[in-house]
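Presented below is the structure to which this report refers.
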Amino acid sequence: VATLLILLESKFTFSQVMASEKPFTLWNFLSPYKVLIFLALLLLVVETALLQISPFLISKAIDLGIMAKSFRVLLLIVLIQLLAILLNIIFRWAHVSFTGHLAARMLMMLRIRVFSHLQRLSIDFFTGEKAGRLLTRITSDIEVLDKLFQFGLVQLVAQVLSVFMIGFYLFYLNQKLAVITVLLVVPVTLALTSWART
């Protein structure tokens with residue numbers, strides 16, 4: 001659906017002369033979308049923060065509500081938790097929709113650039129190059145980039161943000177436990193992960 005919307009709202013032109021002499025790098029390709037990528041990251045940060053706030057609210061509910069036998073405080077924390085869940089659903093929907101539309105737009109421009117580049121090549125190139133290899137570059141390789149843009153990079157950033165937020169909560173709640181976790185648990189986990197990958 002996002003791809004069809006992009007096709008309907010965009011006008012493409014083709015010329016035998018390249019419009020830009022800039023080298024085709026990842027940074028040059030992403031630079032026109034800097035503002036949209038920043039908005040996508042901002043939505044991801046808010047979504048991750050709302051997701052990671054639940055353990056903090058549960059700890060406050062136990063300490064200030066259940067242990068203090070204060071039903072009013074417990075009810076307030078429960079309402080805040082429900083609001084956080086609702087906002088998390090809204091921001092997740094907005095983030096998934098926005099990221100999907102942005103990734104589809106970027107992949108459409110990449111396909112157009114690849115197709116335009118093929119149109120500019122000489123007949124000698126197509127004589128010596130296999131058609132199956134060219135089709136693989138146009139379809140399979142770009143599909144891999146599609147998954148990378150829509151899921152891979154998003155999951156990487158989300159996991160990194162989760163680690164930093166969990167670390168912040170640990171140092172906020174208990175500094176000694178946080179130091180033990182950082183100095184003992186994290187190195188052991190990294191070592192086991194590296195060993196499992198080999």
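We name chains A, B, ... following the order of the structure tokens; residues begin at 1 in each chain, and ligands are numbered from 1 as shown.
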All alpha helix (DSSP H) positions in stretch 53-164 of chain A, as a ChimeraX atom specification: /A:53-60,71-120,123-128,131-138,140-147,153-164
My list of candidates is A:Phe149, A:Trp195, A:Phe24, A:Phe164. Which is closest to A:Met106 when distances are computed with only C-alpha atoms?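 Counting only C-alpha atoms, the residue closest to A:Met106 is A:Phe149.
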Could you give me, as a CSV table (one decimal) with N, CA, C and O atoms, in the first residue's frame, the residues within 12 Å of A:Gln150, counting only C-alpha atoms and dropping anything in the same chain fewer than 5 positions from it?
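Output file part.csv follows:
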```csv
chain,number,residue,atom,x,y,z
A,37,ILE,N,14.2,10.3,8.9
A,37,ILE,CA,14.8,9.3,9.8
A,37,ILE,C,14.9,9.8,11.2
A,37,ILE,O,14.7,9.0,12.1
A,40,ALA,N,11.6,9.2,12.7
A,40,ALA,CA,11.4,7.7,13.0
A,40,ALA,C,12.1,7.3,14.2
A,40,ALA,O,11.6,6.5,15.1
A,95,HIS,N,4.9,4.4,14.8
A,95,HIS,CA,6.3,4.1,14.4
A,95,HIS,C,6.3,3.1,13.2
A,95,HIS,O,7.1,3.3,12.3
A,96,VAL,N,5.6,2.0,13.4
A,96,VAL,CA,5.6,1.0,12.3
A,96,VAL,C,5.0,1.5,11.0
A,96,VAL,O,5.6,1.3,9.9
A,97,SER,N,4.0,2.3,11.1
A,97,SER,CA,3.4,2.9,9.8
A,97,SER,C,4.4,3.9,9.2
A,97,SER,O,4.6,3.8,8.0
A,98,PHE,N,4.9,4.8,10.0
A,98,PHE,CA,5.9,5.8,9.5
A,98,PHE,C,7.1,5.1,8.9
A,98,PHE,O,7.6,5.5,7.8
A,99,THR,N,7.7,4.2,9.7
A,99,THR,CA,8.9,3.5,9.2
A,99,THR,C,8.7,2.7,7.9
A,99,THR,O,9.5,2.7,7.0
A,100,GLY,N,7.5,2.0,7.9
A,100,GLY,CA,7.2,1.2,6.7
A,100,GLY,C,7.1,2.1,5.5
A,100,GLY,O,7.6,1.8,4.4
A,101,HIS,N,6.4,3.3,5.6
A,101,HIS,CA,6.2,4.2,4.5
A,101,HIS,C,7.6,4.8,4.1
A,101,HIS,O,7.9,4.9,2.9
A,102,LEU,N,8.4,5.1,5.1
A,102,LEU,CA,9.7,5.7,4.8
A,102,LEU,C,10.6,4.7,4.1
A,102,LEU,O,11.3,5.0,3.1
A,103,ALA,N,10.6,3.4,4.6
A,103,ALA,CA,11.4,2.4,3.9
A,103,ALA,C,11.0,2.1,2.5
A,103,ALA,O,11.8,1.9,1.6
A,104,ALA,N,9.6,2.1,2.3
A,104,ALA,CA,9.1,1.8,1.0
A,104,ALA,C,9.5,3.0,0.0
A,104,ALA,O,9.8,2.7,-1.2
A,105,ARG,N,9.5,4.2,0.5
A,105,ARG,CA,9.9,5.3,-0.3
A,105,ARG,C,11.4,5.3,-0.7
A,105,ARG,O,11.7,5.5,-1.8
A,106,MET,N,12.2,4.9,0.3
A,106,MET,CA,13.6,4.8,0.0
A,106,MET,C,13.9,3.7,-0.9
A,106,MET,O,14.8,3.8,-1.8
A,107,LEU,N,13.3,2.5,-0.8
A,107,LEU,CA,13.5,1.4,-1.7
A,107,LEU,C,13.0,1.7,-3.1
A,107,LEU,O,13.6,1.2,-4.0
A,143,GLU,N,15.6,-6.6,-2.0
A,143,GLU,CA,14.7,-7.1,-1.0
A,143,GLU,C,15.4,-7.3,0.3
A,143,GLU,O,14.8,-7.1,1.4
A,144,VAL,N,16.7,-7.7,0.3
A,144,VAL,CA,17.5,-7.8,1.5
A,144,VAL,C,17.6,-6.4,2.1
A,144,VAL,O,17.5,-6.3,3.4
A,145,LEU,N,17.9,-5.4,1.3
A,145,LEU,CA,18.0,-4.0,1.8
A,145,LEU,C,16.6,-3.6,2.4
A,145,LEU,O,16.6,-2.8,3.4
A,155,GLN,N,15.4,-2.8,14.8
A,155,GLN,CA,15.6,-3.7,15.9
A,155,GLN,C,16.9,-3.4,16.6
A,155,GLN,O,17.0,-3.5,17.9
A,156,LEU,N,17.9,-3.1,15.9
A,156,LEU,CA,19.2,-2.8,16.4
A,156,LEU,C,19.2,-1.6,17.3
A,156,LEU,O,19.6,-1.6,18.5
A,157,VAL,N,18.5,-0.5,16.8
A,157,VAL,CA,18.4,0.7,17.6
A,157,VAL,C,17.5,0.5,18.8
A,157,VAL,O,17.8,1.0,19.9
```
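The closest residue to A:Ile62, picked from A:Met108, A:Ile142, A:Leu50, A:Val78 and counting only C-alpha atoms, is A:Val78.
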Given only C-alpha atoms as the counted atoms, nearest of A:Thr48, A:Ser54, A:Asn28, A:Thr136 to A:Ser162: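 Nearest to A:Ser162: A:Thr48.
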Contacts of A:Val179 at 10 Å or less, counting only C-alpha atoms, minus same-chain residues fewer than 5 places along, as a VMD selection string? chain A and resid 167 170 to 171 174 184 to 185
Take the selection from the previous step and output its residues with C-alpha atoms, as a PDB file, in the first residue's frame.
```
ATOM      1  CA  GLY A 167      21.098   0.448  32.794  1.00  0.00           C
ATOM      2  CA  LEU A 170      19.484  -0.065  37.524  1.00  0.00           C
ATOM      3  CA  PHE A 171      21.717   2.814  38.601  1.00  0.00           C
ATOM      4  CA  ASN A 174      20.379   0.299  43.221  1.00  0.00           C
ATOM      5  CA  LEU A 184      30.233  -9.234  36.105  1.00  0.00           C
ATOM      6  CA  VAL A 185      27.076 -10.124  34.206  1.00  0.00           C
TER       7      VAL A 185
END
```
With only C-alpha atoms as the basis for distance, which of A:Ala49, A:Leu75, A:Leu42, A:Leu110 is at the shortest distance from A:Val163?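 Of the candidates, the smallest distance to A:Val163 is held by A:Ala49.
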Computed gap from atom CA of A:Val160 to atom CA of A:Asp63 is 28.9 Å
For the atom pair atom CA of A:Ser116 and atom CA of A:Ile138, what is the interatomic distance in Å to one decimal place?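 Atom CA of A:Ile138 lies 11.4 Å from atom CA of A:Ser116.
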How many Å lie between atom CA of A:Phe71 and atom CA of A:Asn88, rounded to one decimal? 25.4 Å
Might you pull out every residue within 12 Å of stretch 132-134 of chain A, with only C-alpha atoms counted and same-chain residues fewer than 4 positions away left off, and present them as a VMD selection string? chain A and resid 114 to 115 117 to 118 125 to 126 128 138 to 142
